[in-house]
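Okay, structure first, notes after.
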Amino acid sequence: MMDLRILLPALLLVFCLATVFAQSSAPGQACEAKNGTSCEECLKNVTCLWCITTKMCVTYPVRTILPPHALCPLNDARWGLCWMNFQTLIITLAVIGGVIIIAFLVCLFCCCKCENFGSKRFEAKMQRQADKTKTKQEERRAEMKQRHDEIRKKYGLSGQNPYSRFA
């Protein structure tokens with residue numbers, strides 16, 4: 001049972017690597033072999049780039065992020081979708097990325113603001129409790145003083161203490 005747990009991921013890894021190497025060795029020939037065909041036929045392979053003006057299917061230059069203008073102008077280049085040029089694709093992805101970043105920042109701001117609001121509310125609650133405790137303590141202190149004064153009066157100790165002048 002333990003051997004199968006180790007063997008299965010190892011076989012899966014070997015299979016995936018073999019698939020990747022098989023695809024990476026053939027795309028250069030596969031893309032150029034589709035010259036003169038249609039855009040749809042060329043873009044079935046994700047490593048291919050279709051140029052409308054030259055009607056050529058070329059391997060996407062992965063070393064440069066954007067295909068060079070000498071290979072194909074951005075408005076004539078198609079990658080992934082035949083109906084959308086590469087320039088529009090880049091602008092659309094940039095706008096979507098910008099919207100996602102702005103939405104993330106707005107959510108982050110709202111969460112921080114709500115957290116501060118919650119902490120202010122908590123601080124106000126703690127202050128109210130402290131004020132209430134202080135008020136009760138002052139009331140108790142006043143009651144004790146009144147009770148002590150009544151006891152002093154009852155036993156005739158309310159006047160000045162005759163021993164106070166020695167202190």
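Following the order of the structure tokens, chains are lettered A, B, ..., residues in each are numbered from 1, and ligands are numbered from 1.
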Out of segment 51-129 of chain A, which residues get strand (DSSP E or B) from DSSP, as a short mmCIF file (atom, residue, chain, number, x, y, z; two decimals) with N, CA, C and O atoms, in the first residue's frame?
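The resulting file, selection_18.cif, is reproduced below:
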data_model
loop_
_atom_site.label_atom_id
_atom_site.label_comp_id
_atom_site.auth_asym_id
_atom_site.auth_seq_id
_atom_site.Cartn_x
_atom_site.Cartn_y
_atom_site.Cartn_z
N CYS A 51 -0.46 36.00 -38.06
CA CYS A 51 -0.33 37.36 -38.57
C CYS A 51 -1.26 37.50 -39.77
O CYS A 51 -1.13 36.75 -40.75
N MET A 56 0.68 34.26 -42.04
CA MET A 56 1.68 33.30 -41.60
C MET A 56 1.38 32.87 -40.17
O MET A 56 0.92 33.66 -39.35
N CYS A 57 1.65 31.61 -39.92
CA CYS A 57 1.53 31.05 -38.58
C CYS A 57 2.95 30.85 -38.07
O CYS A 57 3.72 30.09 -38.65
N VAL A 58 3.30 31.58 -37.01
CA VAL A 58 4.66 31.51 -36.48
C VAL A 58 4.61 31.13 -35.01
O VAL A 58 3.61 31.32 -34.33
N THR A 59 5.72 30.60 -34.52
CA THR A 59 5.83 30.27 -33.11
C THR A 59 5.92 31.57 -32.31
O THR A 59 6.67 32.47 -32.68
N ALA A 77 -1.60 40.99 -35.29
CA ALA A 77 -1.25 39.72 -34.65
C ALA A 77 -2.47 39.17 -33.92
O ALA A 77 -3.23 39.89 -33.28
N ARG A 78 -2.65 37.87 -34.02
CA ARG A 78 -3.74 37.18 -33.31
C ARG A 78 -3.12 36.05 -32.50
O ARG A 78 -2.27 35.31 -32.98
N ASN A 85 -7.45 41.27 -31.89
CA ASN A 85 -6.03 41.47 -32.16
C ASN A 85 -5.25 41.57 -30.86
O ASN A 85 -5.81 41.75 -29.78
#
task: Mind the document's chain letters and residue numbers, and return as a PyMOL selection string the residues of segment 12-162 of chain A that DSSP labels helix (DSSP H, G or I).
output: chain A and resi 12-25+27-32+39-42+86-154
Selected residues, C-alpha atoms, written as a PDB file, in the first residue's frame, please.
ATOM      1  CA  LEU A  12       2.263  10.974 -12.728  1.00  0.00           C
ATOM      2  CA  LEU A  13       5.290  13.287 -12.581  1.00  0.00           C
ATOM      3  CA  VAL A  14       7.140  11.293 -15.267  1.00  0.00           C
ATOM      4  CA  PHE A  15       4.048  11.303 -17.505  1.00  0.00           C
ATOM      5  CA  CYS A  16       3.591  15.082 -17.108  1.00  0.00           C
ATOM      6  CA  LEU A  17       7.243  15.781 -17.858  1.00  0.00           C
ATOM      7  CA  ALA A  18       7.139  13.548 -20.934  1.00  0.00           C
ATOM      8  CA  THR A  19       4.045  15.381 -22.178  1.00  0.00           C
ATOM      9  CA  VAL A  20       5.650  18.784 -21.648  1.00  0.00           C
ATOM     10  CA  PHE A  21       8.874  17.811 -23.408  1.00  0.00           C
ATOM     11  CA  ALA A  22       6.937  16.270 -26.295  1.00  0.00           C
ATOM     12  CA  GLN A  23       4.964  19.497 -26.763  1.00  0.00           C
ATOM     13  CA  SER A  24       7.967  21.783 -26.347  1.00  0.00           C
ATOM     14  CA  SER A  25      10.028  20.046 -29.018  1.00  0.00           C
ATOM     15  CA  PRO A  27       5.734  23.596 -31.672  1.00  0.00           C
ATOM     16  CA  GLY A  28       8.280  25.329 -33.917  1.00  0.00           C
ATOM     17  CA  GLN A  29       7.630  22.863 -36.720  1.00  0.00           C
ATOM     18  CA  ALA A  30       3.918  22.629 -35.954  1.00  0.00           C
ATOM     19  CA  CYS A  31       3.331  26.374 -36.235  1.00  0.00           C
ATOM     20  CA  GLU A  32       5.338  26.930 -39.419  1.00  0.00           C
ATOM     21  CA  CYS A  39      -6.327  31.587 -38.320  1.00  0.00           C
ATOM     22  CA  GLU A  40      -8.501  29.042 -36.495  1.00  0.00           C
ATOM     23  CA  GLU A  41      -6.292  26.188 -37.668  1.00  0.00           C
ATOM     24  CA  CYS A  42      -3.123  28.010 -36.580  1.00  0.00           C
ATOM     25  CA  PHE A  86      -3.071  41.330 -29.814  1.00  0.00           C
ATOM     26  CA  GLN A  87      -3.169  45.052 -29.035  1.00  0.00           C
ATOM     27  CA  THR A  88      -6.817  44.861 -27.926  1.00  0.00           C
ATOM     28  CA  LEU A  89      -6.040  41.736 -25.913  1.00  0.00           C
ATOM     29  CA  ILE A  90      -3.225  43.522 -24.069  1.00  0.00           C
ATOM     30  CA  ILE A  91      -5.375  46.606 -23.386  1.00  0.00           C
ATOM     31  CA  THR A  92      -8.291  44.458 -22.191  1.00  0.00           C
ATOM     32  CA  LEU A  93      -6.080  42.419 -19.865  1.00  0.00           C
ATOM     33  CA  ALA A  94      -4.463  45.607 -18.520  1.00  0.00           C
ATOM     34  CA  VAL A  95      -7.880  47.168 -17.821  1.00  0.00           C
ATOM     35  CA  ILE A  96      -9.163  44.003 -16.155  1.00  0.00           C
ATOM     36  CA  GLY A  97      -5.976  43.796 -14.079  1.00  0.00           C
ATOM     37  CA  GLY A  98      -6.325  47.461 -13.100  1.00  0.00           C
ATOM     38  CA  VAL A  99      -9.953  46.978 -12.091  1.00  0.00           C
ATOM     39  CA  ILE A 100      -9.027  43.946  -9.993  1.00  0.00           C
ATOM     40  CA  ILE A 101      -6.222  45.878  -8.263  1.00  0.00           C
ATOM     41  CA  ILE A 102      -8.500  48.871  -7.601  1.00  0.00           C
ATOM     42  CA  ALA A 103     -11.248  46.586  -6.283  1.00  0.00           C
ATOM     43  CA  PHE A 104      -8.714  44.877  -4.006  1.00  0.00           C
ATOM     44  CA  LEU A 105      -7.489  48.235  -2.683  1.00  0.00           C
ATOM     45  CA  VAL A 106     -11.072  49.441  -2.107  1.00  0.00           C
ATOM     46  CA  CYS A 107     -11.897  46.237  -0.216  1.00  0.00           C
ATOM     47  CA  LEU A 108      -8.701  46.591   1.799  1.00  0.00           C
ATOM     48  CA  PHE A 109      -9.563  50.213   2.627  1.00  0.00           C
ATOM     49  CA  CYS A 110     -13.120  49.287   3.609  1.00  0.00           C
ATOM     50  CA  CYS A 111     -11.952  46.430   5.806  1.00  0.00           C
ATOM     51  CA  CYS A 112      -9.417  48.650   7.580  1.00  0.00           C
ATOM     52  CA  LYS A 113     -11.990  51.409   8.016  1.00  0.00           C
ATOM     53  CA  CYS A 114     -14.561  48.958   9.371  1.00  0.00           C
ATOM     54  CA  GLU A 115     -11.947  47.476  11.701  1.00  0.00           C
ATOM     55  CA  ASN A 116     -11.073  50.939  13.020  1.00  0.00           C
ATOM     56  CA  PHE A 117     -14.764  51.693  13.416  1.00  0.00           C
ATOM     57  CA  GLY A 118     -15.184  48.474  15.374  1.00  0.00           C
ATOM     58  CA  SER A 119     -12.210  49.251  17.601  1.00  0.00           C
ATOM     59  CA  LYS A 120     -13.532  52.774  18.242  1.00  0.00           C
ATOM     60  CA  ARG A 121     -16.869  51.284  19.162  1.00  0.00           C
ATOM     61  CA  PHE A 122     -15.125  48.822  21.489  1.00  0.00           C
ATOM     62  CA  GLU A 123     -13.107  51.634  23.084  1.00  0.00           C
ATOM     63  CA  ALA A 124     -16.294  53.672  23.629  1.00  0.00           C
ATOM     64  CA  LYS A 125     -17.967  50.665  25.262  1.00  0.00           C
ATOM     65  CA  MET A 126     -14.977  50.135  27.557  1.00  0.00           C
ATOM     66  CA  GLN A 127     -15.004  53.847  28.471  1.00  0.00           C
ATOM     67  CA  ARG A 128     -18.732  53.678  29.311  1.00  0.00           C
ATOM     68  CA  GLN A 129     -18.104  50.646  31.531  1.00  0.00           C
ATOM     69  CA  ALA A 130     -15.196  52.421  33.261  1.00  0.00           C
ATOM     70  CA  ASP A 131     -17.364  55.512  33.822  1.00  0.00           C
ATOM     71  CA  LYS A 132     -20.170  53.373  35.215  1.00  0.00           C
ATOM     72  CA  THR A 133     -17.777  51.565  37.574  1.00  0.00           C
ATOM     73  CA  LYS A 134     -16.273  54.880  38.692  1.00  0.00           C
ATOM     74  CA  THR A 135     -19.747  56.323  39.359  1.00  0.00           C
ATOM     75  CA  LYS A 136     -20.762  53.275  41.426  1.00  0.00           C
ATOM     76  CA  GLN A 137     -17.500  53.470  43.380  1.00  0.00           C
ATOM     77  CA  GLU A 138     -18.061  57.167  44.135  1.00  0.00           C
ATOM     78  CA  GLU A 139     -21.644  56.408  45.261  1.00  0.00           C
ATOM     79  CA  ARG A 140     -20.396  53.642  47.570  1.00  0.00           C
ATOM     80  CA  ARG A 141     -17.692  55.945  48.945  1.00  0.00           C
ATOM     81  CA  ALA A 142     -20.304  58.655  49.633  1.00  0.00           C
ATOM     82  CA  GLU A 143     -22.622  56.117  51.356  1.00  0.00           C
ATOM     83  CA  MET A 144     -19.743  54.840  53.530  1.00  0.00           C
ATOM     84  CA  LYS A 145     -18.791  58.429  54.489  1.00  0.00           C
ATOM     85  CA  GLN A 146     -22.420  59.180  55.381  1.00  0.00           C
ATOM     86  CA  ARG A 147     -22.651  55.979  57.469  1.00  0.00           C
ATOM     87  CA  HIS A 148     -19.364  56.783  59.233  1.00  0.00           C
ATOM     88  CA  ASP A 149     -20.580  60.327  59.954  1.00  0.00           C
ATOM     89  CA  GLU A 150     -23.838  58.923  61.416  1.00  0.00           C
ATOM     90  CA  ILE A 151     -21.861  56.525  63.639  1.00  0.00           C
ATOM     91  CA  ARG A 152     -19.573  59.378  64.799  1.00  0.00           C
ATOM     92  CA  LYS A 153     -22.636  61.515  65.575  1.00  0.00           C
ATOM     93  CA  LYS A 154     -24.294  58.655  67.469  1.00  0.00           C
TER      94      LYS A 154
END
- prompt: With distances taken over only C-alpha atoms, which of A:Leu71, A:Leu43, A:Lys34, A:Val62 is nearest to Trp83 of chain A?
  reply: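 Closest to Trp83 of chain A, using only C-alpha atoms: A:Leu43.
The closest residue to Trp79 of chain A, picked from A:Leu157, A:Trp50, A:Pro67, A:Ser38 and counting only C-alpha atoms, is A:Trp50.
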field: Closest of A:Cys72, A:Tyr155, A:Leu66, A:Ala33 to Ile52 of chain A - atom-to-atom distances counting only C-alpha atoms
entry: A:Cys72
